[in-house]
Each structure stands twice: as structure tokens, then as C-alpha cells.
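Structure data follow from work-v4.csv (CSV, C-alpha atoms):
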chain,number,residue,atom,x,y,z
A,1,MET,CA,-24.5,-13.1,4.6
A,2,LEU,CA,-21.6,-15.5,5.3
A,3,GLU,CA,-18.2,-14.0,5.6
A,4,LYS,CA,-15.7,-15.3,3.1
A,5,THR,CA,-12.5,-16.8,4.5
A,6,VAL,CA,-9.4,-15.2,3.0
A,7,TYR,CA,-6.3,-17.1,2.2
A,8,PRO,CA,-3.8,-16.6,5.0
A,9,PHE,CA,-1.0,-14.2,4.2
A,10,THR,CA,1.6,-16.3,5.9
A,11,ALA,CA,0.6,-19.4,3.9
A,12,ILE,CA,1.7,-17.8,0.6
A,13,VAL,CA,4.7,-19.6,-0.8
A,14,GLY,CA,7.6,-17.5,-2.0
A,15,GLN,CA,7.1,-14.0,-3.4
A,16,GLU,CA,9.2,-12.6,-0.5
A,17,ASP,CA,9.7,-9.1,-2.0
A,18,MET,CA,5.9,-8.7,-2.5
A,19,LYS,CA,5.1,-9.8,1.0
A,20,LEU,CA,7.8,-7.6,2.5
A,21,ALA,CA,6.7,-4.5,0.6
A,22,LEU,CA,3.1,-5.0,1.9
A,23,ILE,CA,4.3,-5.5,5.4
A,24,LEU,CA,6.5,-2.4,5.3
A,25,ASN,CA,3.5,-0.3,4.3
A,26,LEU,CA,1.4,-1.7,7.2
A,27,ILE,CA,4.2,-0.7,9.6
A,28,ASN,CA,4.7,2.7,8.0
A,29,PRO,CA,1.8,4.0,5.8
A,30,ALA,CA,4.0,7.1,5.1
A,31,LEU,CA,6.0,5.1,2.6
A,32,GLY,CA,3.4,5.9,0.0
A,33,GLY,CA,1.9,2.5,-0.9
A,34,VAL,CA,3.1,-0.2,-3.2
A,35,LEU,CA,2.6,-1.3,-6.8
A,36,ILE,CA,2.9,-5.0,-7.6
A,37,ARG,CA,3.7,-5.9,-11.2
A,38,GLY,CA,3.7,-9.4,-12.4
A,39,GLU,CA,2.2,-12.1,-14.6
A,40,LYS,CA,-1.3,-13.4,-13.9
A,41,GLY,CA,-1.7,-16.2,-11.3
A,42,THR,CA,1.2,-15.1,-9.1
A,43,ALA,CA,-0.8,-14.5,-5.9
A,44,LYS,CA,-0.9,-10.7,-6.2
A,45,SER,CA,-4.6,-10.3,-5.3
A,46,THR,CA,-4.4,-13.2,-2.8
A,47,ALA,CA,-1.6,-11.4,-0.9
A,48,VAL,CA,-3.4,-8.1,-0.7
A,49,ARG,CA,-6.6,-9.6,0.5
A,50,GLY,CA,-4.7,-11.7,3.0
A,51,LEU,CA,-3.7,-8.4,4.7
A,52,THR,CA,-7.1,-8.4,6.3
A,53,ASN,CA,-6.1,-10.7,9.1
A,54,LEU,CA,-3.0,-8.5,9.9
A,55,LEU,CA,-5.0,-5.3,10.4
A,56,ASP,CA,-5.7,-4.2,13.9
A,57,GLU,CA,-8.9,-3.0,15.6
A,58,VAL,CA,-9.1,0.7,16.4
A,59,GLU,CA,-11.5,3.1,18.2
A,60,THR,CA,-13.4,5.4,15.9
A,61,ILE,CA,-15.9,8.2,16.6
A,62,LYS,CA,-19.4,6.8,16.7
A,63,GLY,CA,-21.7,7.8,13.8
A,64,CYS,CA,-18.8,9.2,11.6
A,65,ALA,CA,-19.2,8.2,7.9
A,66,PHE,CA,-15.4,8.5,7.6
A,67,HIS,CA,-14.7,6.5,10.8
A,68,CYS,CA,-12.4,9.2,12.2
A,69,ARG,CA,-10.1,8.2,15.0
A,70,PRO,CA,-9.7,10.4,18.1
A,71,GLY,CA,-6.3,12.1,18.0
A,72,VAL,CA,-5.6,11.1,14.4
A,73,GLN,CA,-5.5,14.1,12.1
A,74,PRO,CA,-7.2,15.3,10.0
A,75,LEU,CA,-10.7,14.8,11.3
A,76,CYS,CA,-13.8,15.5,9.2
A,77,ALA,CA,-15.5,18.8,9.7
A,78,GLU,CA,-18.3,17.3,11.8
A,79,CYS,CA,-16.0,15.4,14.2
A,80,ALA,CA,-13.7,18.5,14.5
A,81,GLU,CA,-16.7,20.5,15.8
A,82,LYS,CA,-17.8,18.0,18.4
A,83,GLU,CA,-16.9,18.9,22.0
A,84,SER,CA,-17.5,15.3,23.1
A,85,TYR,CA,-18.2,12.0,21.4
A,86,GLU,CA,-18.5,8.3,22.0
A,87,THR,CA,-16.2,5.8,20.4
A,88,VAL,CA,-16.9,2.4,18.9
A,89,PRO,CA,-14.5,-0.5,17.9
A,90,TYR,CA,-13.7,-0.6,14.2
A,91,THR,CA,-11.8,-3.4,12.4
A,92,ARG,CA,-9.7,-2.0,9.6
A,93,ARG,CA,-10.0,-3.8,6.3
A,94,VAL,CA,-9.1,-3.9,2.6
A,95,VAL,CA,-11.4,-1.8,0.4
A,96,GLU,CA,-11.4,-2.8,-3.3
A,97,LEU,CA,-12.0,-0.2,-6.1
A,98,PRO,CA,-13.7,-1.7,-9.1
A,99,ILE,CA,-11.9,-1.0,-12.4
A,100,SER,CA,-15.2,0.3,-13.8
A,101,ALA,CA,-15.7,2.9,-11.0
A,102,THR,CA,-16.7,6.4,-12.1
A,103,GLU,CA,-15.2,9.5,-10.7
A,104,ASP,CA,-18.3,10.3,-8.6
A,105,ARG,CA,-18.2,6.8,-7.2
A,106,VAL,CA,-14.6,7.2,-6.2
A,107,VAL,CA,-14.5,10.7,-4.8
A,108,GLY,CA,-18.2,11.1,-3.7
A,109,ALA,CA,-20.9,13.4,-4.9
A,110,LEU,CA,-22.3,16.7,-3.8
A,111,ASN,CA,-26.1,17.5,-3.9
A,112,ILE,CA,-25.8,20.8,-5.8
A,113,GLU,CA,-29.5,21.5,-5.8
A,114,GLN,CA,-29.8,21.3,-2.1
A,115,ALA,CA,-26.7,23.3,-1.6
A,116,ILE,CA,-28.1,26.1,-3.8
A,117,LYS,CA,-31.6,26.1,-2.5
A,118,GLN,CA,-31.0,25.5,1.2
A,119,GLY,CA,-27.4,26.4,1.6
A,120,GLU,CA,-26.6,22.9,3.0
A,121,LYS,CA,-23.7,20.8,1.9
A,122,VAL,CA,-25.1,17.3,1.5
A,123,PHE,CA,-22.3,14.9,0.6
A,124,GLU,CA,-22.7,11.3,-0.6
A,125,PRO,CA,-19.5,9.5,0.5
A,126,GLY,CA,-17.5,7.6,-2.2
A,127,ILE,CA,-14.9,4.9,-2.1
A,128,LEU,CA,-12.2,7.3,-0.8
A,129,ALA,CA,-14.4,8.0,2.3
A,130,GLU,CA,-14.8,4.2,2.8
A,131,ALA,CA,-11.0,3.8,2.4
A,132,ASN,CA,-10.1,6.3,5.1
A,133,GLY,CA,-8.0,4.5,7.7
A,134,ASN,CA,-8.0,1.3,5.6
A,135,ILE,CA,-6.1,-0.3,2.7
A,136,LEU,CA,-7.4,0.8,-0.8
A,137,TYR,CA,-6.7,-2.0,-3.3
A,138,VAL,CA,-6.9,-1.4,-7.1
A,139,ASP,CA,-6.5,-4.5,-9.2
A,140,GLU,CA,-5.4,-3.9,-12.8
A,141,ILE,CA,-4.6,-0.3,-11.9
A,142,ASN,CA,-2.9,0.2,-15.3
A,143,LEU,CA,-6.3,-0.2,-16.9
A,144,LEU,CA,-7.9,2.5,-14.7
A,145,ASP,CA,-8.5,5.9,-16.2
A,146,ASP,CA,-5.5,8.1,-15.7
A,147,HIS,CA,-7.5,10.9,-14.2
A,148,ILE,CA,-8.9,8.6,-11.5
A,149,VAL,CA,-5.4,7.3,-10.8
A,150,ASP,CA,-4.2,10.9,-10.3
A,151,VAL,CA,-7.1,11.5,-7.8
A,152,LEU,CA,-6.1,8.4,-5.9
A,153,LEU,CA,-2.4,9.3,-5.7
A,154,ASP,CA,-3.2,12.9,-4.7
A,155,SER,CA,-5.5,11.8,-2.0
A,156,ALA,CA,-3.0,9.2,-0.7
A,157,ALA,CA,-0.3,11.8,-0.6
A,158,MET,CA,-2.3,14.6,1.0
A,159,GLY,CA,-4.6,12.5,3.3
A,160,VAL,CA,-7.6,14.6,2.2
A,161,ASN,CA,-10.2,14.3,-0.5
A,162,THR,CA,-11.7,17.5,-1.8
A,163,VAL,CA,-14.8,17.5,-4.1
A,164,GLU,CA,-15.7,20.7,-6.0
A,165,ARG,CA,-18.8,21.2,-8.0
A,166,GLU,CA,-20.4,24.5,-9.3
A,167,GLY,CA,-18.5,26.6,-6.7
A,168,VAL,CA,-19.3,24.3,-3.8
A,169,SER,CA,-16.6,22.3,-2.2
A,170,TYR,CA,-16.4,19.6,0.5
A,171,SER,CA,-13.3,18.0,2.1
A,172,HIS,CA,-12.9,14.9,4.2
A,173,PRO,CA,-10.0,12.8,5.5
A,174,ALA,CA,-8.7,10.1,3.1
A,175,ARG,CA,-5.7,8.5,4.8
A,176,PHE,CA,-5.2,5.1,3.3
A,177,ILE,CA,-2.5,2.7,2.1
A,178,LEU,CA,-2.8,2.5,-1.7
A,179,VAL,CA,-2.0,-0.9,-3.1
A,180,GLY,CA,-2.1,-1.5,-6.9
A,181,THR,CA,-1.6,-4.7,-8.9
A,182,MET,CA,-1.1,-5.1,-12.6
A,183,ASN,CA,0.1,-7.3,-15.4
A,184,PRO,CA,2.7,-5.4,-17.4
A,185,GLU,CA,1.7,-7.4,-20.5
A,186,GLU,CA,-1.6,-5.4,-20.5
A,187,GLY,CA,0.1,-2.0,-20.5
A,188,ASP,CA,2.0,0.1,-18.0
A,189,LEU,CA,1.5,3.3,-16.0
A,190,ARG,CA,2.9,6.6,-17.0
A,191,PRO,CA,6.4,7.3,-15.4
A,192,GLN,CA,4.9,10.3,-13.5
A,193,LEU,CA,2.4,7.9,-11.9
A,194,LEU,CA,5.0,5.2,-11.2
A,195,ASP,CA,7.1,7.8,-9.3
A,196,ARG,CA,4.2,8.5,-6.9
A,197,PHE,CA,4.2,4.9,-5.6
A,198,GLY,CA,6.6,4.5,-2.7
A,199,LEU,CA,7.6,1.0,-3.5
A,200,VAL,CA,7.3,-1.1,-6.7
A,201,VAL,CA,8.0,-4.8,-6.8
A,202,GLU,CA,8.3,-7.2,-9.8
A,203,ILE,CA,7.2,-10.8,-9.3
A,204,LYS,CA,7.2,-14.0,-11.3
A,205,GLY,CA,5.8,-17.4,-10.9
A,206,GLU,CA,7.8,-19.8,-8.8
A,207,GLN,CA,10.0,-22.1,-10.8
A,208,GLU,CA,11.5,-24.3,-8.1
A,209,ILE,CA,9.8,-27.6,-8.1
A,210,GLU,CA,9.6,-27.9,-4.3
A,211,LYS,CA,8.1,-24.5,-3.9
A,212,ARG,CA,5.8,-25.0,-6.8
A,213,SER,CA,4.4,-28.3,-5.5
A,214,GLU,CA,4.0,-26.9,-2.0
A,215,LEU,CA,2.1,-23.9,-3.4
A,216,ILE,CA,-0.3,-26.2,-5.2
A,217,ARG,CA,-0.8,-28.4,-2.2
A,218,ARG,CA,-1.6,-25.5,0.1
A,219,ARG,CA,-4.1,-24.0,-2.4
A,220,MET,CA,-5.9,-27.3,-2.8
A,221,ASP,CA,-6.0,-27.8,1.0
A,222,PHE,CA,-7.5,-24.3,1.4
A,223,GLU,CA,-10.2,-24.9,-1.3
A,224,LYS,CA,-11.1,-28.2,0.4
A,225,ASP,CA,-11.7,-26.7,3.8
A,226,PRO,CA,-11.0,-22.9,4.0
A,227,ALA,CA,-12.0,-22.6,7.7
A,228,GLU,CA,-9.7,-25.5,8.8
A,229,PHE,CA,-6.8,-24.2,6.7
A,230,ALA,CA,-7.2,-20.7,8.2
A,231,ARG,CA,-7.2,-22.3,11.7
A,232,ILE,CA,-4.0,-24.1,11.0
A,233,TRP,CA,-2.3,-20.9,10.0
A,234,SER,CA,-3.9,-18.7,12.7
A,235,GLY,CA,-0.8,-19.0,14.9
A,236,ALA,CA,1.5,-17.8,12.2
A,237,GLU,CA,-0.9,-15.0,11.4
A,238,ALA,CA,-1.0,-13.8,15.0
A,239,GLU,CA,2.8,-14.0,15.3
A,240,LEU,CA,3.3,-11.8,12.2
A,241,LYS,CA,0.6,-9.4,13.4
A,242,ALA,CA,2.4,-9.0,16.7
A,243,LYS,CA,5.7,-8.5,15.0
A,244,ILE,CA,4.2,-5.7,12.9
A,245,LYS,CA,2.9,-4.1,16.1
A,246,ARG,CA,6.3,-4.2,17.7
A,247,ALA,CA,7.9,-2.7,14.6
A,248,GLN,CA,5.3,0.2,14.6
A,249,GLU,CA,6.3,0.9,18.2
A,250,LEU,CA,10.0,0.8,17.5
A,251,LEU,CA,10.0,2.8,14.3
A,252,PRO,CA,9.9,6.3,15.8
A,253,SER,CA,13.1,5.6,17.7
A,254,VAL,CA,15.1,4.1,14.8
A,255,GLU,CA,18.2,6.2,14.3
A,256,ILE,CA,19.6,7.2,10.8
A,257,GLY,CA,23.3,8.0,11.0
A,258,GLU,CA,24.9,10.7,8.9
A,259,GLU,CA,26.6,8.1,6.7
A,260,ARG,CA,23.3,6.6,5.8
A,261,TYR,CA,22.1,10.0,4.5
A,262,ARG,CA,25.2,10.1,2.3
A,263,ASP,CA,24.5,6.6,1.1
A,264,ALA,CA,21.0,7.5,0.0
A,265,ALA,CA,22.1,10.6,-1.8
A,266,LYS,CA,25.0,8.8,-3.4
A,267,ILE,CA,23.0,5.8,-4.8
A,268,GLY,CA,20.3,8.2,-6.1
A,269,ALA,CA,22.8,10.4,-7.9
A,270,ALA,CA,24.7,7.4,-9.3
A,271,LEU,CA,21.6,5.9,-10.8
A,272,HIS,CA,20.5,9.3,-12.2
A,273,VAL,CA,17.2,9.3,-10.4
A,274,ASP,CA,15.1,12.4,-11.0
A,275,GLY,CA,14.1,14.6,-8.1
A,276,HIS,CA,14.5,13.8,-4.4
A,277,ARG,CA,11.4,11.9,-3.5
A,278,ALA,CA,13.3,8.7,-4.1
A,279,ASP,CA,16.1,9.6,-1.6
A,280,ILE,CA,13.6,10.4,1.1
A,281,THR,CA,11.5,7.3,0.5
A,282,LEU,CA,14.7,5.2,0.4
A,283,LEU,CA,15.6,6.3,4.0
A,284,LYS,CA,12.0,5.9,5.2
A,285,THR,CA,11.9,2.3,3.8
A,286,ALA,CA,15.3,1.5,5.2
A,287,ALA,CA,14.2,2.7,8.7
A,288,THR,CA,11.0,0.6,8.4
A,289,MET,CA,13.1,-2.4,7.5
A,290,ALA,CA,15.2,-1.9,10.5
A,291,ALA,CA,12.2,-1.7,12.8
A,292,PHE,CA,10.7,-4.9,11.3
A,293,ALA,CA,14.0,-6.6,12.0
A,294,GLY,CA,13.9,-5.3,15.6
A,295,GLU,CA,17.0,-3.2,15.1
A,296,ASN,CA,17.5,0.3,16.5
A,297,SER,CA,19.5,1.9,13.6
A,298,VAL,CA,19.7,1.9,9.8
A,299,THR,CA,22.6,0.0,8.3
A,300,ARG,CA,24.0,-0.1,4.8
A,301,ARG,CA,22.3,-3.4,4.3
A,302,HIS,CA,18.9,-1.8,5.0
A,303,ILE,CA,19.8,0.9,2.4
A,304,LEU,CA,20.7,-1.6,-0.2
A,305,ASP,CA,17.6,-3.8,0.4
A,306,ALA,CA,15.3,-0.8,0.3
A,307,ALA,CA,16.9,0.5,-3.0
A,308,ARG,CA,15.7,-2.6,-4.8
A,309,MET,CA,12.1,-1.6,-4.1
A,310,VAL,CA,12.4,2.2,-4.2
A,311,LEU,CA,14.7,3.1,-7.1
A,312,PRO,CA,14.2,0.9,-10.2
A,313,HIS,CA,10.9,2.4,-11.3
A,314,ARG,CA,12.3,5.9,-10.8
A,315,MET,CA,15.4,5.5,-12.9
A,316,ARG,CA,15.7,7.6,-16.0
A,317,ARG,CA,15.1,5.7,-19.2
A,318,LEU,CA,16.3,6.6,-22.7
A,319,PRO,CA,13.9,6.4,-25.6
A,320,PHE,CA,13.5,2.8,-26.9
A,321,ASP,CA,15.6,1.5,-24.0
A,322,THR,CA,14.7,-2.2,-23.6
A,323,THR,CA,17.0,-2.9,-20.6
A,324,ASP,CA,16.2,-2.2,-17.0
A,325,GLY,CA,19.5,-0.5,-16.5
A,326,LEU,CA,19.9,-2.0,-13.0
A,327,PRO,CA,23.3,-2.5,-11.5
A,328,GLU,CA,24.4,-6.1,-11.0
A,329,ASP,CA,26.1,-5.2,-7.7
A,330,TRP,CA,24.2,-2.6,-5.8
A,331,GLU,CA,26.9,-2.3,-3.1
A,332,ALA,CA,29.5,-1.5,-5.7
A,333,VAL,CA,27.4,1.7,-6.5
A,334,LEU,CA,28.1,2.9,-2.9
A,335,ASP,CA,31.8,1.9,-3.0
A,336,ALA,CA,32.5,3.6,-6.3

Could you spell out this file's structure in C-alpha cells?
Amino acid sequence: MLEKTVYPFTAIVGQEDMKLALILNLINPALGGVLIRGEKGTAKSTAVRGLTNLLDEVETIKGCAFHCRPGVQPLCAECAEKESYETVPYTRRVVELPISATEDRVVGALNIEQAIKQGEKVFEPGILAEANGNILYVDEINLLDDHIVDVLLDSAAMGVNTVEREGVSYSHPARFILVGTMNPEEGDLRPQLLDRFGLVVEIKGEQEIEKRSELIRRRMDFEKDPAEFARIWSGAEAELKAKIKRAQELLPSVEIGEERYRDAAKIGAALHVDGHRADITLLKTAATMAAFAGENSVTRRHILDAARMVLPHRMRRLPFDTTDGLPEDWEAVLDA
């Protein structure tokens, strides 16, 4: 089967917030994924699938259905019991979850009959097993059954998927970056689910004539000769991939000063954001932004830039409120 050429991530025109949010999650999967909301035809799916060329190759334990990586916890039960093992190269990828997927297809299935008769746990891996160590992409996530969305978010937060049937349970690692895309015109997610996404970005079609015409030209060039178009952009792809790698290495040493903790608390309180998940995610995102910029410490600018992705979807809304309630001057919130 021929491998389909994906549109290069770096060739996407505009949509800088969307591209940055995706890159930040590649650098730091602990951010909690990203939800991209926007009208149809705004390169949402193209951008997510374009991440394929930015993912690195890793070593996984040979024969593991969950492609466990040595030294990366948690391991599946089988790998944890092994005293020695061989490793094989594995290229991380984007795993897509169909909107029509059933719960068993997502979480996996247990063979109850064999468990009862023979006392053996026979598990048929699902999409969450396939997604371990990868990116899990859900297009039109707002149309997915709420229960399945809950399962996805719980697994993304815990890094483990547990299946229980008739008193029999089975757990396996499910560490992945969750990316959802949706068109708000087709319905929204519950506020409780929105809060579980680390970052949310709103995008619209490009209105500048120059950008719009360049977008059209690049797309038509790609459709004319996908392989040649990908070759032309391969240098930019390799450069961005290397920059992401450097940011991953720098991130653990990025310093967050005491004043930045106060900034995060102050902006969260001023905007009446419920809970403290937003404050923590805000600082994690700001630190990741600093690492991506090659900087060793978090500044107020990083806090303000991160706030635009972390806070709007977590702000308290009044019934029948038709405004987004966002401040015109985010810096004024900190100076108040």
C-alpha cells in the first residue's frame, strides 16, 4: 500500500495560534492536549496530520502491543515482568479516532468467557492502546458521545486505560497527546469537558488577500505534485523538528520566578476562573513557550501569551451570556 504524503506543517499559511498550541504540546505533553475550534476549511485537520513529520523515532520493547518504551512509566504488565528485552525502532504517529467508534473499539475488549473458564486475561487492544506514545486525533470531537469523551480525557490525564467487565479488569499504559478539532456551529462541548483540555484556540479563515492567495497557491502546488512539494518544504520541517527537540531538552531547566507565580494567581482570580487547574496549566504553558523561544526563564510576556490559550474557555459564564468576556488589554489585568 502506498504511503500518503501529508501536507507539510510548516507550509500552512497563517493560523499561528493553532500551530503554536500544537507545537507546545509536542514539546510538553503534560500540558493536557489542545482543542481547536473553527469554521470548516481552516486547515484544522491538515495541521494535526502534518505533525507526523515532526514526531521523532523512539526505541520500544519488541513484541509489545502497547509499544512500551524502556524507562518510560508506566509499562504494561507484561513488560514490567520482563527481566530482559530487545528493543526496536518505532516512529511515533498520529492515530485518528473515528467519530462512529464504539466504547469497546476505543478502550479495548476483554474475553470474559476465557477469563472465567481458564482464568486468563485475554485483552483485545483498542484505539487507546494504539495511541500510547502517539498523538490521538479526534475530528468533530463535539459530535462524539460524551461518555467516550470522558474516557479519552480520563486516560489522557492518568496515562492509564483500565477496562472492567464482569469483575475482571485489565490496565495498560495510555500516554498520548489528545488533539480535538470541531466546528462550533455544529454544537459545543460541555464546560466540564472544555476545562480538561490544556489549551483551546479559536481560528478563522484568512482574510488578508496576500495570505489567502498564497494559501491557495501552495495547496494547488501540493495537489499537483505532493512528493515534490514535500521535498521543497523538507528543510523547514527538519529545522522545526530540531527546534522542538532543543526546547524539550531546555524545558526542565526553565526557571519560574516568584513574581510569575503571583502573576498566574492574579490573572486567574481577576478573570474569576474556577479551580486551580488553569493557574497550573498557565505556568506550564508559559515555561514551554520560554523553552521554545530558547529562553531560560519565564517572563511576564510568556504569561500573557499563554493566558490567551489557557484561560478563555475556563472563564465563568453567566446564563444567556453572549459575550466572550475577554479583556481587551490582558496586561492591564496584571497591573490592576

Q: Please identify all polymer residues within 10 Å of Tyr170 in chain A, counting all atoms listed in the file, omitting same-chain residues fewer than 3 positions from it, and present them as a count of residues only.
A: 13

Q) Counting all atoms listed in the file, which of A:Leu22, A:Gly14, A:Asn134, A:Thr181 gets nearest to Gly159 in chain A? A)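 Closest residue, counting all atoms listed in the file: A:Asn134.
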
(Q) List the spatial neighbours of Ala242 in chain A as an MDAnalysis selection string - criterion: any atom at most 10 Å away, only C-alpha atoms, same-chain residues fewer than 6 positions off excluded. (A) chainID A and resid 54 56 236 248

Q | Which residue of A:Ala131, A:Ala278, A:Val298, A:Leu144 approaches Glu186 in chain A most closely, using all atoms listed in the file | A |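 The answer is A:Leu144, which sits nearest to Glu186 in chain A.
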
Q) If we count only C-alpha atoms, what is near Ser297 in chain A at a cut-off of 12 Å, once residues fewer than 6 positions away on the same chain are taken out, given as a VMD selection string? A) chain A and resid 250 to 260 283 to 284 286 to 291 303

Q: Measure the distance from CA of Lys40 in chain A to CA of Lys204 in chain A in Å and round it to one decimal.
A: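 Result for CA of Lys40 in chain A versus CA of Lys204 in chain A: 8.9 Å, one decimal.
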
Q) Of the candidates A:Pro226, A:Gly180, A:Gly187, A:Gly268, which one gets nearest to Ile36 in chain A if we count only C-alpha atoms? A)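 Looking only at the distances to Ile36 in chain A, the closest residue turns out to be A:Gly180.
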
Q: Calculate how many Å separate CA of Asn142 in chain A from CA of Asp305 in chain A, rounding to one decimal.
A: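 We find that CA of Asn142 in chain A and CA of Asp305 in chain A lie 26.1 Å from each other.
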
Q) What gap, in Å, lies between CA of Ile99 in chain A and CA of Leu143 in chain A? A)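 Taking CA of Ile99 in chain A as the start and CA of Leu143 in chain A as the end point, the length is 7.2 Å.
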
Q: Starting from the point (-7.7, 14.2, 4.6), work out which residues of protein, DNA or RNA have an atom no more than 8 Å away when counting all atoms listed in the file; state them as number ranges by chain.
A: A: 73-76, 155, 158-161, 171-175

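Using all atoms listed in the file, the shortest contact distance between Ile127 in chain A and any of A:Ala227, A:Val6, A:Met182, A:Ala65 is found at A:Ala65.
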
Q: For a cut-off of 12 Å around (5.2, 4.3, -17.8), file coordinates, pick out all residues using all atoms listed in the file and list them as a PyMOL selection string.
A: chain A and resi 142+146+184+187-196+313-317+319

(Q) Between A:Gly275, A:Val149, A:His67, A:Val48, which residue has the minimum interatomic distance to Asn25 in chain A, considering only C-alpha atoms? (A) A:Val48

Q.
Residues near Leu199 in chain A, anyone? I mean within 6 Å using only C-alpha atoms, not counting same-chain ones fewer than 2 positions away, as a ChimeraX atom specification.
A. /A:34,197,309-310

(Q) Ranking A:Glu103, A:Glu96, A:Glu249, A:Asp17 by minimum distance to Val138 in chain A and counting only C-alpha atoms, which one comes first? (A)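 Smallest distance to Val138 in chain A is found for A:Glu96.
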